[in-house]
Every structure is written in C-alpha cells, then in structure tokens.
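Trainee: So I've got this file, coords-v3.cif, and it contains mmCIF, N, CA and C atoms:
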data_target
loop_
_atom_site.label_atom_id
_atom_site.label_comp_id
_atom_site.auth_asym_id
_atom_site.auth_seq_id
_atom_site.Cartn_x
_atom_site.Cartn_y
_atom_site.Cartn_z
N MET A 7 28.77 7.01 55.19
CA MET A 7 28.92 7.00 53.75
C MET A 7 29.89 8.10 53.31
N SER A 8 30.53 7.87 52.19
CA SER A 8 31.46 8.87 51.66
C SER A 8 30.73 9.82 50.71
N THR A 9 31.36 10.92 50.43
CA THR A 9 30.79 11.90 49.49
C THR A 9 30.57 11.25 48.13
N ALA A 10 31.56 10.49 47.66
CA ALA A 10 31.44 9.83 46.35
C ALA A 10 30.27 8.85 46.33
N THR A 11 30.08 8.12 47.41
CA THR A 11 28.97 7.17 47.50
C THR A 11 27.64 7.91 47.49
N ASP A 12 27.57 9.00 48.25
CA ASP A 12 26.34 9.81 48.26
C ASP A 12 26.03 10.33 46.87
N ILE A 13 27.03 10.87 46.19
CA ILE A 13 26.82 11.42 44.85
C ILE A 13 26.36 10.34 43.89
N GLU A 14 26.97 9.17 43.96
CA GLU A 14 26.55 8.09 43.07
C GLU A 14 25.10 7.72 43.34
N GLY A 15 24.68 7.76 44.59
CA GLY A 15 23.27 7.51 44.92
C GLY A 15 22.36 8.55 44.29
N PHE A 16 22.78 9.81 44.28
CA PHE A 16 21.98 10.86 43.65
C PHE A 16 21.88 10.62 42.15
N VAL A 17 22.99 10.27 41.53
CA VAL A 17 23.04 10.07 40.07
C VAL A 17 22.22 8.86 39.65
N LYS A 18 22.22 7.83 40.46
CA LYS A 18 21.49 6.59 40.11
C LYS A 18 19.98 6.76 40.09
N LYS A 19 19.48 7.89 40.56
CA LYS A 19 18.04 8.15 40.50
C LYS A 19 17.58 8.39 39.06
N TYR A 20 18.52 8.73 38.18
CA TYR A 20 18.22 9.03 36.78
C TYR A 20 18.26 7.75 35.95
N THR A 21 17.76 7.83 34.72
CA THR A 21 17.86 6.68 33.82
C THR A 21 19.34 6.36 33.61
N PRO A 22 19.66 5.12 33.28
CA PRO A 22 21.08 4.79 33.04
C PRO A 22 21.71 5.67 31.96
N GLU A 23 20.97 6.00 30.92
CA GLU A 23 21.51 6.82 29.83
C GLU A 23 21.83 8.23 30.31
N LEU A 24 20.90 8.84 31.03
CA LEU A 24 21.14 10.19 31.50
C LEU A 24 22.23 10.20 32.58
N ALA A 25 22.22 9.19 33.44
CA ALA A 25 23.26 9.09 34.47
C ALA A 25 24.65 9.01 33.84
N ALA A 26 24.78 8.25 32.75
CA ALA A 26 26.07 8.14 32.07
C ALA A 26 26.49 9.49 31.49
N LYS A 27 25.56 10.22 30.88
CA LYS A 27 25.87 11.56 30.35
C LYS A 27 26.30 12.49 31.48
N LEU A 28 25.59 12.42 32.59
CA LEU A 28 25.91 13.29 33.72
C LEU A 28 27.30 12.97 34.28
N ARG A 29 27.58 11.69 34.49
CA ARG A 29 28.89 11.31 35.03
C ARG A 29 30.02 11.80 34.12
N ALA A 30 29.88 11.56 32.82
CA ALA A 30 30.92 11.95 31.87
C ALA A 30 31.05 13.47 31.77
N SER A 31 29.93 14.18 31.78
CA SER A 31 29.98 15.65 31.73
C SER A 31 30.63 16.20 32.99
N ARG A 32 30.28 15.65 34.12
CA ARG A 32 30.88 16.10 35.38
C ARG A 32 32.39 15.83 35.37
N ARG A 33 32.79 14.66 34.90
CA ARG A 33 34.22 14.31 34.84
C ARG A 33 34.97 15.34 33.96
N LYS A 34 34.41 15.67 32.81
CA LYS A 34 35.05 16.65 31.92
C LYS A 34 35.14 18.03 32.58
N LEU A 35 34.06 18.44 33.22
CA LEU A 35 34.06 19.76 33.85
C LEU A 35 35.05 19.80 35.02
N ARG A 36 35.12 18.73 35.78
CA ARG A 36 36.09 18.67 36.88
C ARG A 36 37.53 18.75 36.35
N ALA A 37 37.78 18.19 35.18
CA ALA A 37 39.12 18.28 34.58
C ALA A 37 39.42 19.72 34.17
N LEU A 38 38.40 20.46 33.77
CA LEU A 38 38.58 21.86 33.37
C LEU A 38 38.69 22.79 34.58
N VAL A 39 38.20 22.34 35.72
CA VAL A 39 38.22 23.14 36.96
C VAL A 39 38.91 22.30 38.04
N PRO A 40 40.23 22.15 37.95
CA PRO A 40 40.93 21.27 38.90
C PRO A 40 41.14 21.87 40.29
N ARG A 41 40.85 23.15 40.43
CA ARG A 41 41.03 23.84 41.71
C ARG A 41 39.72 24.52 42.11
N GLY A 42 39.54 24.70 43.41
CA GLY A 42 38.36 25.38 43.90
C GLY A 42 37.42 24.42 44.61
N TYR A 43 36.14 24.70 44.49
CA TYR A 43 35.13 23.94 45.23
C TYR A 43 34.01 23.53 44.29
N GLU A 44 33.59 22.29 44.45
CA GLU A 44 32.44 21.75 43.74
C GLU A 44 31.33 21.59 44.77
N PHE A 45 30.24 22.30 44.58
CA PHE A 45 29.11 22.26 45.51
C PHE A 45 28.03 21.36 44.92
N VAL A 46 27.54 20.44 45.73
CA VAL A 46 26.54 19.48 45.26
C VAL A 46 25.22 19.76 45.96
N TYR A 47 24.18 19.88 45.14
CA TYR A 47 22.83 20.11 45.65
C TYR A 47 21.90 19.07 45.02
N ASP A 48 21.34 18.21 45.83
CA ASP A 48 20.32 17.28 45.33
C ASP A 48 18.98 17.95 45.66
N ASN A 49 18.59 18.88 44.81
CA ASN A 49 17.46 19.77 45.05
C ASN A 49 16.12 19.17 44.68
N TYR A 50 15.09 19.96 44.88
CA TYR A 50 13.73 19.58 44.53
C TYR A 50 13.61 19.31 43.03
N ASN A 51 14.13 20.22 42.20
CA ASN A 51 13.98 20.12 40.75
C ASN A 51 15.08 19.33 40.06
N SER A 52 16.30 19.35 40.58
CA SER A 52 17.43 18.77 39.85
C SER A 52 18.61 18.48 40.78
N LEU A 53 19.56 17.75 40.23
CA LEU A 53 20.84 17.52 40.87
C LEU A 53 21.81 18.52 40.26
N VAL A 54 22.48 19.31 41.11
CA VAL A 54 23.33 20.38 40.61
C VAL A 54 24.74 20.23 41.18
N PHE A 55 25.73 20.44 40.28
CA PHE A 55 27.14 20.49 40.66
C PHE A 55 27.63 21.89 40.29
N GLY A 56 27.86 22.74 41.30
CA GLY A 56 28.31 24.10 41.06
C GLY A 56 29.80 24.22 41.33
N PHE A 57 30.50 25.07 40.57
CA PHE A 57 31.95 25.21 40.70
C PHE A 57 32.31 26.66 40.95
N GLY A 58 33.11 26.87 42.01
CA GLY A 58 33.56 28.21 42.35
C GLY A 58 34.95 28.20 42.94
N PRO A 59 35.61 29.35 43.00
CA PRO A 59 36.98 29.41 43.49
C PRO A 59 37.12 29.44 45.01
N THR A 60 36.02 29.69 45.72
CA THR A 60 36.09 29.78 47.18
C THR A 60 35.05 28.87 47.82
N GLU A 61 35.09 28.80 49.12
CA GLU A 61 34.14 27.99 49.87
C GLU A 61 32.74 28.58 49.89
N ARG A 62 32.59 29.76 49.35
CA ARG A 62 31.29 30.43 49.34
C ARG A 62 30.49 30.03 48.10
N PRO A 63 29.40 29.31 48.28
CA PRO A 63 28.58 28.93 47.12
C PRO A 63 28.11 30.12 46.30
N SER A 64 27.96 31.27 46.92
CA SER A 64 27.51 32.45 46.20
C SER A 64 28.55 32.91 45.17
N GLU A 65 29.76 32.38 45.23
CA GLU A 65 30.81 32.75 44.28
C GLU A 65 30.99 31.70 43.18
N ALA A 66 30.07 30.72 43.12
CA ALA A 66 30.13 29.74 42.04
C ALA A 66 29.92 30.44 40.71
N LEU A 67 30.59 29.94 39.67
CA LEU A 67 30.54 30.58 38.36
C LEU A 67 29.86 29.74 37.29
N VAL A 68 29.98 28.43 37.39
CA VAL A 68 29.33 27.53 36.44
C VAL A 68 28.75 26.35 37.21
N SER A 69 27.78 25.70 36.59
CA SER A 69 27.23 24.49 37.21
C SER A 69 26.68 23.56 36.14
N LEU A 70 26.57 22.30 36.53
CA LEU A 70 25.88 21.29 35.74
C LEU A 70 24.60 20.99 36.48
N ALA A 71 23.50 20.94 35.78
CA ALA A 71 22.22 20.61 36.40
C ALA A 71 21.59 19.46 35.62
N ALA A 72 21.21 18.41 36.34
CA ALA A 72 20.59 17.25 35.71
C ALA A 72 19.09 17.28 35.96
N PHE A 73 18.34 17.18 34.88
CA PHE A 73 16.89 17.10 34.91
C PHE A 73 16.50 15.72 34.38
N PRO A 74 15.25 15.33 34.45
CA PRO A 74 14.88 13.97 34.01
C PRO A 74 15.27 13.62 32.58
N GLU A 75 15.31 14.61 31.68
CA GLU A 75 15.57 14.29 30.27
C GLU A 75 16.81 14.95 29.69
N TRP A 76 17.54 15.76 30.45
CA TRP A 76 18.72 16.42 29.91
C TRP A 76 19.65 16.91 31.01
N VAL A 77 20.86 17.28 30.58
CA VAL A 77 21.85 17.90 31.44
C VAL A 77 22.11 19.30 30.88
N THR A 78 22.15 20.28 31.76
CA THR A 78 22.35 21.67 31.36
C THR A 78 23.62 22.21 31.98
N LEU A 79 24.37 22.96 31.20
CA LEU A 79 25.53 23.69 31.68
C LEU A 79 25.07 25.12 31.91
N CYS A 80 25.17 25.58 33.16
CA CYS A 80 24.70 26.91 33.53
C CYS A 80 25.89 27.84 33.78
N PHE A 81 25.74 29.06 33.33
CA PHE A 81 26.73 30.11 33.55
C PHE A 81 26.05 31.14 34.44
N ILE A 82 26.52 31.25 35.68
CA ILE A 82 25.86 32.08 36.67
C ILE A 82 25.82 33.55 36.23
N PHE A 83 26.87 34.02 35.56
CA PHE A 83 26.90 35.39 35.05
C PHE A 83 26.88 35.36 33.53
N GLY A 84 26.08 34.48 32.98
CA GLY A 84 26.03 34.25 31.54
C GLY A 84 25.60 35.44 30.72
N LYS A 85 24.80 36.30 31.30
CA LYS A 85 24.35 37.48 30.55
C LYS A 85 25.53 38.36 30.15
N ARG A 86 26.61 38.30 30.90
CA ARG A 86 27.79 39.13 30.62
C ARG A 86 28.72 38.53 29.56
N LEU A 87 28.51 37.27 29.20
CA LEU A 87 29.44 36.58 28.32
C LEU A 87 29.21 36.92 26.85
N ALA A 88 30.30 37.02 26.11
CA ALA A 88 30.22 37.15 24.66
C ALA A 88 29.80 35.78 24.12
N ASP A 89 28.76 35.75 23.32
CA ASP A 89 28.20 34.49 22.82
C ASP A 89 27.92 34.62 21.31
N PRO A 90 28.99 34.69 20.49
CA PRO A 90 28.78 34.90 19.05
C PRO A 90 28.00 33.78 18.37
N LYS A 91 28.03 32.57 18.93
CA LYS A 91 27.30 31.45 18.32
C LYS A 91 25.86 31.38 18.82
N LYS A 92 25.48 32.26 19.73
CA LYS A 92 24.11 32.33 20.26
C LYS A 92 23.66 31.00 20.88
N LEU A 93 24.53 30.41 21.67
CA LEU A 93 24.23 29.14 22.34
C LEU A 93 23.46 29.32 23.64
N LEU A 94 23.69 30.42 24.31
CA LEU A 94 23.12 30.62 25.64
C LEU A 94 21.64 30.91 25.60
N ARG A 95 20.92 30.27 26.52
CA ARG A 95 19.47 30.43 26.64
C ARG A 95 19.16 31.00 28.02
N GLY A 96 18.07 31.74 28.09
CA GLY A 96 17.62 32.29 29.35
C GLY A 96 17.30 33.76 29.21
N THR A 97 16.41 34.22 30.06
CA THR A 97 15.99 35.61 30.00
C THR A 97 16.10 36.31 31.35
N GLY A 98 16.65 35.63 32.33
CA GLY A 98 16.78 36.22 33.65
C GLY A 98 17.80 37.34 33.69
N SER A 99 18.00 37.90 34.86
CA SER A 99 18.89 39.05 34.99
C SER A 99 20.36 38.68 34.88
N GLN A 100 20.73 37.38 35.07
CA GLN A 100 22.14 37.06 34.95
C GLN A 100 22.43 35.65 34.45
N VAL A 101 21.70 34.63 34.83
CA VAL A 101 22.02 33.24 34.48
C VAL A 101 21.63 32.93 33.04
N ARG A 102 22.53 32.21 32.36
CA ARG A 102 22.27 31.69 31.02
C ARG A 102 22.73 30.23 31.01
N SER A 103 22.19 29.45 30.10
CA SER A 103 22.53 28.02 30.09
C SER A 103 22.56 27.46 28.68
N VAL A 104 23.17 26.28 28.58
CA VAL A 104 23.24 25.52 27.34
C VAL A 104 22.83 24.09 27.68
N ARG A 105 21.85 23.57 26.98
CA ARG A 105 21.45 22.18 27.17
C ARG A 105 22.45 21.32 26.41
N LEU A 106 23.06 20.36 27.10
CA LEU A 106 24.08 19.51 26.49
C LEU A 106 23.45 18.29 25.84
N ALA A 107 23.78 18.02 24.59
CA ALA A 107 23.34 16.79 23.94
C ALA A 107 24.11 15.61 24.52
N GLY A 108 25.31 15.87 24.97
CA GLY A 108 26.16 14.86 25.57
C GLY A 108 27.44 15.49 26.07
N PRO A 109 28.28 14.71 26.72
CA PRO A 109 29.52 15.25 27.29
C PRO A 109 30.47 15.82 26.24
N ALA A 110 30.41 15.33 25.00
CA ALA A 110 31.28 15.85 23.94
C ALA A 110 31.02 17.32 23.66
N ASP A 111 29.84 17.81 23.98
CA ASP A 111 29.55 19.24 23.78
C ASP A 111 30.54 20.11 24.56
N LEU A 112 31.02 19.61 25.69
CA LEU A 112 31.96 20.38 26.50
C LEU A 112 33.31 20.55 25.81
N ASP A 113 33.55 19.80 24.73
CA ASP A 113 34.79 19.91 23.97
C ASP A 113 34.68 20.84 22.77
N THR A 114 33.49 21.32 22.47
CA THR A 114 33.33 22.18 21.29
C THR A 114 33.98 23.53 21.55
N PRO A 115 34.57 24.12 20.49
CA PRO A 115 35.23 25.42 20.67
C PRO A 115 34.31 26.50 21.26
N ALA A 116 33.05 26.53 20.84
CA ALA A 116 32.15 27.58 21.32
C ALA A 116 31.88 27.44 22.82
N ILE A 117 31.65 26.23 23.29
CA ILE A 117 31.40 26.03 24.72
C ILE A 117 32.68 26.21 25.52
N ARG A 118 33.82 25.77 24.97
CA ARG A 118 35.09 26.02 25.66
C ARG A 118 35.35 27.52 25.79
N ALA A 119 34.99 28.29 24.77
CA ALA A 119 35.18 29.74 24.84
C ALA A 119 34.30 30.35 25.94
N LEU A 120 33.05 29.89 26.03
CA LEU A 120 32.16 30.37 27.10
C LEU A 120 32.72 30.00 28.47
N LEU A 121 33.18 28.76 28.61
CA LEU A 121 33.76 28.33 29.88
C LEU A 121 35.01 29.16 30.21
N GLY A 122 35.83 29.41 29.20
CA GLY A 122 37.03 30.21 29.43
C GLY A 122 36.71 31.59 29.96
N GLN A 123 35.68 32.20 29.37
CA GLN A 123 35.26 33.53 29.86
C GLN A 123 34.72 33.44 31.28
N ALA A 124 33.85 32.47 31.52
CA ALA A 124 33.19 32.35 32.83
C ALA A 124 34.18 32.04 33.95
N LEU A 125 35.20 31.26 33.63
CA LEU A 125 36.14 30.81 34.66
C LEU A 125 37.39 31.69 34.76
N ALA A 126 37.44 32.76 33.98
CA ALA A 126 38.61 33.64 33.96
C ALA A 126 38.62 34.52 35.20
N THR A 127 38.98 33.93 36.30
CA THR A 127 39.11 34.69 37.54
C THR A 127 40.39 34.23 38.23
N PRO A 128 41.16 35.15 38.76
CA PRO A 128 42.41 34.73 39.42
C PRO A 128 42.17 33.86 40.65
N GLY A 129 40.94 33.84 41.15
CA GLY A 129 40.65 33.05 42.34
C GLY A 129 40.91 31.56 42.18
N PHE A 130 40.68 31.03 41.00
CA PHE A 130 40.91 29.60 40.78
C PHE A 130 42.39 29.24 40.87
N SER A 131 43.27 30.12 40.42
CA SER A 131 44.70 29.79 40.41
C SER A 131 45.27 29.67 41.82
N VAL A 132 44.67 30.33 42.78
CA VAL A 132 45.17 30.26 44.16
C VAL A 132 44.31 29.36 45.05
N ALA A 133 43.26 28.79 44.48
CA ALA A 133 42.36 27.92 45.25
C ALA A 133 43.03 26.57 45.49
N PRO A 134 42.59 25.86 46.51
CA PRO A 134 43.14 24.52 46.76
C PRO A 134 42.69 23.54 45.67
N LYS A 135 43.29 22.37 45.67
CA LYS A 135 42.86 21.30 44.77
C LYS A 135 41.36 21.13 44.94
N LEU A 136 40.66 20.83 43.84
CA LEU A 136 39.20 20.77 43.85
C LEU A 136 38.67 19.91 45.00
N LYS A 137 37.78 20.50 45.76
CA LYS A 137 37.17 19.84 46.91
C LYS A 137 35.66 19.79 46.69
N THR A 138 35.07 18.62 46.87
CA THR A 138 33.63 18.45 46.69
C THR A 138 32.93 18.55 48.04
N VAL A 139 31.87 19.34 48.07
CA VAL A 139 31.10 19.56 49.30
C VAL A 139 29.62 19.37 48.99
N ILE A 140 28.97 18.46 49.70
CA ILE A 140 27.52 18.31 49.54
C ILE A 140 26.87 19.39 50.39
N ARG A 141 26.15 20.29 49.74
CA ARG A 141 25.56 21.43 50.42
C ARG A 141 24.13 21.18 50.88
N SER A 142 23.35 20.45 50.08
CA SER A 142 21.98 20.19 50.52
C SER A 142 21.39 18.99 49.80
N ILE A 143 20.48 18.36 50.51
CA ILE A 143 19.70 17.25 49.97
C ILE A 143 18.26 17.54 50.34
N SER A 144 17.43 17.77 49.33
CA SER A 144 16.03 18.08 49.60
C SER A 144 15.26 16.81 49.93
N ALA A 145 14.47 16.88 50.99
CA ALA A 145 13.66 15.73 51.38
C ALA A 145 12.59 15.44 50.34
N LYS A 146 12.04 16.49 49.77
CA LYS A 146 11.00 16.34 48.75
C LYS A 146 11.61 16.67 47.40
N GLN A 147 11.46 15.75 46.44
CA GLN A 147 12.04 15.94 45.12
C GLN A 147 11.08 15.52 44.03
N ARG A 148 11.18 16.20 42.90
CA ARG A 148 10.45 15.77 41.72
C ARG A 148 11.08 14.47 41.22
N PRO A 149 10.31 13.66 40.49
CA PRO A 149 10.88 12.44 39.94
C PRO A 149 12.11 12.74 39.07
N ARG A 150 13.11 11.90 39.14
CA ARG A 150 14.33 12.09 38.38
C ARG A 150 14.31 11.38 37.03
N ARG A 151 13.26 10.64 36.77
CA ARG A 151 13.11 9.94 35.50
C ARG A 151 11.93 10.50 34.75
N PRO A 152 11.99 10.50 33.41
CA PRO A 152 10.88 11.03 32.64
C PRO A 152 9.59 10.23 32.88
N LYS A 153 8.48 10.92 32.73
CA LYS A 153 7.19 10.24 32.85
C LYS A 153 7.05 9.30 31.65
N SER A 154 6.62 8.09 31.87
CA SER A 154 6.45 7.15 30.75
C SER A 154 5.10 7.37 30.11
N GLY A 155 5.05 7.01 28.83
CA GLY A 155 3.78 7.05 28.15
C GLY A 155 3.60 8.24 27.35
#
Output the structure of this file as structure tokens.
Mentor:
Amino acid sequence: MSTATDIEGFVKKYTPELAAKLRASRRKLRALVPRGYEFVYDNYNSLVFGFGPTERPSEALVSLAAFPEWVTLCFIFGKRLADPKKLLRGTGSQVRSVRLAGPADLDTPAIRALLGQALATPGFSVAPKLKTVIRSISAKQRPRRPKSG
C-alpha cells in the first residue's frame, strides 16, 4: 500500500463530515508548509499530522489532530506565541491549540498570524519538498466516531 492509501484509510475511520474537514484542513496546511516533513501518527486518541523542518519529529512545530467531533490545530511551542485575539487554549508548559470550526479558519488573519510565528524558522527554507512519513499506527485506538445517542 502507498502512504496516501494508508492515510485515506486512517481518515475514513471518521464520519464523512469530519473526514472532509480534516482532508481540507490538511490540504490547506500542506500548502502553507510546502517544505519539510509531515509526520503521521494514527494514535490511540487521535490521528495527527505534524509538520517540521527536519526528519526529527521532535522538531515539529505545528500539527493537526483529528478527534471524533473536531479537528484541532496545535502549536507545539504555543505558549511562546503572541496571541492578541486569545485564540489559543491549553495550560501545559508549552503546547497550545485552536479547535477549528472548519478549514476556512486556517485562512483567518489571526490564525495565519499564529502560523506565521510558529513556522518562522530558517529550517523550512532549506528543507526538501514536503515529504510525508507515517511514524506510528497504534494497534489499540479509541473510536474515531462520536458515540451515538
């Protein structure tokens, strides 16, 4: 199987509506990060697409995470970002996130400003054309669709 086929299999675990939001959000983010590495994790809790300038996942700067009912844009060093619109959520030592209502949120000036800050590293300019790498697939996973009822 190809990487694209594997990823589509991961995405299809979600409802059609959420899968469409995820695909479109990922497409927009990939357009904003045309160089570097996209790390894919089909984890226990969520499907994650992390973006970094090097082959080292520890150097990822932003990610998209899909949960049963929403897609979240995560900023790995979000605590350091200027956030005048107070969009970022989280209380951890570094990660902050924004729950996306849809892919159009990635076009808003406030989120573009956050992305600009997060991705402002010279590493991306010298990185190769964006390469997707599946890093892990968890054997045990929470349901990818909301509980009915």
Trainee: List the residues matched by the PyMOL selection byres ((chain A and resi 103) around 5) in the displayed structure as a list in words, ordered by chain and then by residue number.
Mentor: Leu79, Cys80, Phe81, Leu94, Arg95, Val101, Arg102, Val104 and Arg105 of chain A
Trainee: Go through the shown structure with the PyMOL selection byres ((chain A and resi 62-77) around 5) and write out the matching residues as a PyMOL selection string.
Mentor: chain A and resi 52-58+60-61+78-82+105-106+150-152
Trainee: Starting from the shown file, work through the PyMOL selection byres (((chain A and resi 133 and name CA) around 9) and name CA) and note down what comes out as a PyMOL selection string.
Mentor: chain A and resi 41-43+59-60+128-132+134-136
Trainee: Taking N, CA and C atoms for each residue, export the selection above as a JSON list (two decimals), in the frame of the given file.
Mentor:
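Now in selection.json:
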[["chain", "number", "residue", "atom", "x", "y", "z"],
["A", 41, "ARG", "N", 40.85, 23.15, 40.43],
["A", 41, "ARG", "CA", 41.03, 23.84, 41.71],
["A", 41, "ARG", "C", 39.72, 24.52, 42.11],
["A", 42, "GLY", "N", 39.54, 24.70, 43.41],
["A", 42, "GLY", "CA", 38.36, 25.38, 43.90],
["A", 42, "GLY", "C", 37.42, 24.42, 44.61],
["A", 43, "TYR", "N", 36.14, 24.70, 44.49],
["A", 43, "TYR", "CA", 35.13, 23.94, 45.23],
["A", 43, "TYR", "C", 34.01, 23.53, 44.29],
["A", 59, "PRO", "N", 35.61, 29.35, 43.00],
["A", 59, "PRO", "CA", 36.98, 29.41, 43.49],
["A", 59, "PRO", "C", 37.12, 29.44, 45.01],
["A", 60, "THR", "N", 36.02, 29.69, 45.72],
["A", 60, "THR", "CA", 36.09, 29.78, 47.18],
["A", 60, "THR", "C", 35.05, 28.87, 47.82],
["A", 128, "PRO", "N", 41.16, 35.15, 38.76],
["A", 128, "PRO", "CA", 42.41, 34.73, 39.42],
["A", 128, "PRO", "C", 42.17, 33.86, 40.65],
["A", 129, "GLY", "N", 40.94, 33.84, 41.15],
["A", 129, "GLY", "CA", 40.65, 33.05, 42.34],
["A", 129, "GLY", "C", 40.91, 31.56, 42.18],
["A", 130, "PHE", "N", 40.68, 31.03, 41.00],
["A", 130, "PHE", "CA", 40.91, 29.60, 40.78],
["A", 130, "PHE", "C", 42.39, 29.24, 40.87],
["A", 131, "SER", "N", 43.27, 30.12, 40.42],
["A", 131, "SER", "CA", 44.70, 29.79, 40.41],
["A", 131, "SER", "C", 45.27, 29.67, 41.82],
["A", 132, "VAL", "N", 44.67, 30.33, 42.78],
["A", 132, "VAL", "CA", 45.17, 30.26, 44.16],
["A", 132, "VAL", "C", 44.31, 29.36, 45.05],
["A", 134, "PRO", "N", 42.59, 25.86, 46.51],
["A", 134, "PRO", "CA", 43.14, 24.52, 46.76],
["A", 134, "PRO", "C", 42.69, 23.54, 45.67],
["A", 135, "LYS", "N", 43.29, 22.37, 45.67],
["A", 135, "LYS", "CA", 42.86, 21.30, 44.77],
["A", 135, "LYS", "C", 41.36, 21.13, 44.94],
["A", 136, "LEU", "N", 40.66, 20.83, 43.84],
["A", 136, "LEU", "CA", 39.20, 20.77, 43.85],
["A", 136, "LEU", "C", 38.67, 19.91, 45.00]]
Trainee: Can you list, as a ChimeraX atom specification, all residues belonging to stretch 29-114 of chain A that DSSP tags as strand (DSSP E)?
Mentor: /A:43-48,53-58,68-72,77-81,102-106
Trainee: As an exercise, work out the distance from atom CA of A:Ile117 to atom CA of A:Tyr20 in Å and give it to one decimal place.
Mentor: 24.7 Å
Trainee: I need the residues of chain A that end up classed as helix (DSSP H, G or I) by DSSP on the backbone, written out as number ranges by chain.
Mentor: A: 9-17, 22-38, 63-65, 84-86, 109-113, 115-124, 128-132
Trainee: Given the point (18.8, 14.4, 46.8) in the coordinates of this file, which residues lie within 5 Å, counting all atoms listed in the file, and how would they look as a VMD selection string?
Mentor: chain A and resid 48 to 49 143 to 144
Trainee: Have a look at A:Ala116, A:Lys137, A:Ala107, A:Ala25 and name the one nearest to A:Lys92; count only C-alpha atoms.
Mentor: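 Closest residue, counting only C-alpha atoms: A:Ala116.
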Trainee: Taking all atoms listed in the file into account, name the residue in A:Gln100, A:Thr9, A:Gln123, A:Thr21 that is nearest to A:Val139.
Mentor: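 Result for the nearest residue to A:Val139: A:Thr9.
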Trainee: Ranking A:Gly108, A:Gly84, A:Gly15, A:Gly98 by minimum distance to A:Leu121 and counting only C-alpha atoms, which one comes first?
Mentor: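 Nearest to A:Leu121: A:Gly84.
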Trainee: Which of these, A:Ala26, A:Leu87, A:Ala10, A:Asn51, has the shortest distance to A:Gly122 once you count only C-alpha atoms?
Mentor: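 Ranked by minimum distance to A:Gly122, first place goes to A:Leu87.
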Trainee: Just the number, please: distance in Å from atom CA of A:Pro149 to atom CA of A:Phe83, one decimal.
Mentor: 28.4 Å
Trainee: Atom CA of A:Arg32 and atom CA of A:Leu112 are how many Å apart?
Mentor: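 Computing the Euclidean distance for atom CA of A:Arg32 and atom CA of A:Leu112 yields 9.9 Å.
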Trainee: With all heavy atoms as the target, complete stretch 34-39 of chain A and hand it back as a CSV table (one decimal), keeping the file's coordinate frame.
Mentor:
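As written to disk, rebuild-v1.csv reads:
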chain,number,residue,atom,x,y,z
A,34,LYS,N,34.4,15.7,32.8
A,34,LYS,CA,35.0,16.6,31.9
A,34,LYS,C,35.1,18.0,32.6
A,34,LYS,O,36.2,18.7,32.5
A,34,LYS,CB,34.3,16.8,30.6
A,34,LYS,CG,34.6,15.6,29.6
A,34,LYS,CD,33.8,15.9,28.3
A,34,LYS,CE,34.1,14.8,27.4
A,34,LYS,NZ,35.3,15.0,26.6
A,35,LEU,N,34.1,18.4,33.2
A,35,LEU,CA,34.1,19.8,33.8
A,35,LEU,C,35.0,19.8,35.0
A,35,LEU,O,35.8,20.8,35.2
A,35,LEU,CB,32.6,20.1,34.3
A,35,LEU,CG,32.4,21.6,34.7
A,35,LEU,CD1,32.9,22.5,33.5
A,35,LEU,CD2,31.0,21.9,35.0
A,36,ARG,N,35.1,18.7,35.8
A,36,ARG,CA,36.1,18.7,36.9
A,36,ARG,C,37.5,18.8,36.4
A,36,ARG,O,38.4,19.3,37.0
A,36,ARG,CB,35.9,17.4,37.7
A,36,ARG,CG,34.7,17.4,38.6
A,36,ARG,CD,34.4,16.1,39.3
A,36,ARG,NE,35.5,15.6,40.1
A,36,ARG,CZ,35.7,16.0,41.3
A,36,ARG,NH1,34.8,16.7,42.0
A,36,ARG,NH2,36.8,15.6,42.0
A,37,ALA,N,37.8,18.2,35.2
A,37,ALA,CA,39.1,18.3,34.6
A,37,ALA,C,39.4,19.7,34.2
A,37,ALA,O,40.6,20.2,34.2
A,37,ALA,CB,39.2,17.3,33.4
A,38,LEU,N,38.4,20.5,33.8
A,38,LEU,CA,38.6,21.9,33.4
A,38,LEU,C,38.7,22.8,34.6
A,38,LEU,O,39.2,23.9,34.5
A,38,LEU,CB,37.4,22.3,32.5
A,38,LEU,CG,37.3,21.6,31.1
A,38,LEU,CD1,36.0,22.0,30.5
A,38,LEU,CD2,38.5,22.1,30.3
A,39,VAL,N,38.2,22.3,35.7
A,39,VAL,CA,38.2,23.1,37.0
A,39,VAL,C,38.9,22.3,38.0
A,39,VAL,O,38.3,21.8,38.9
A,39,VAL,CB,36.8,23.5,37.4
A,39,VAL,CG1,36.8,24.5,38.6
A,39,VAL,CG2,36.0,24.1,36.3
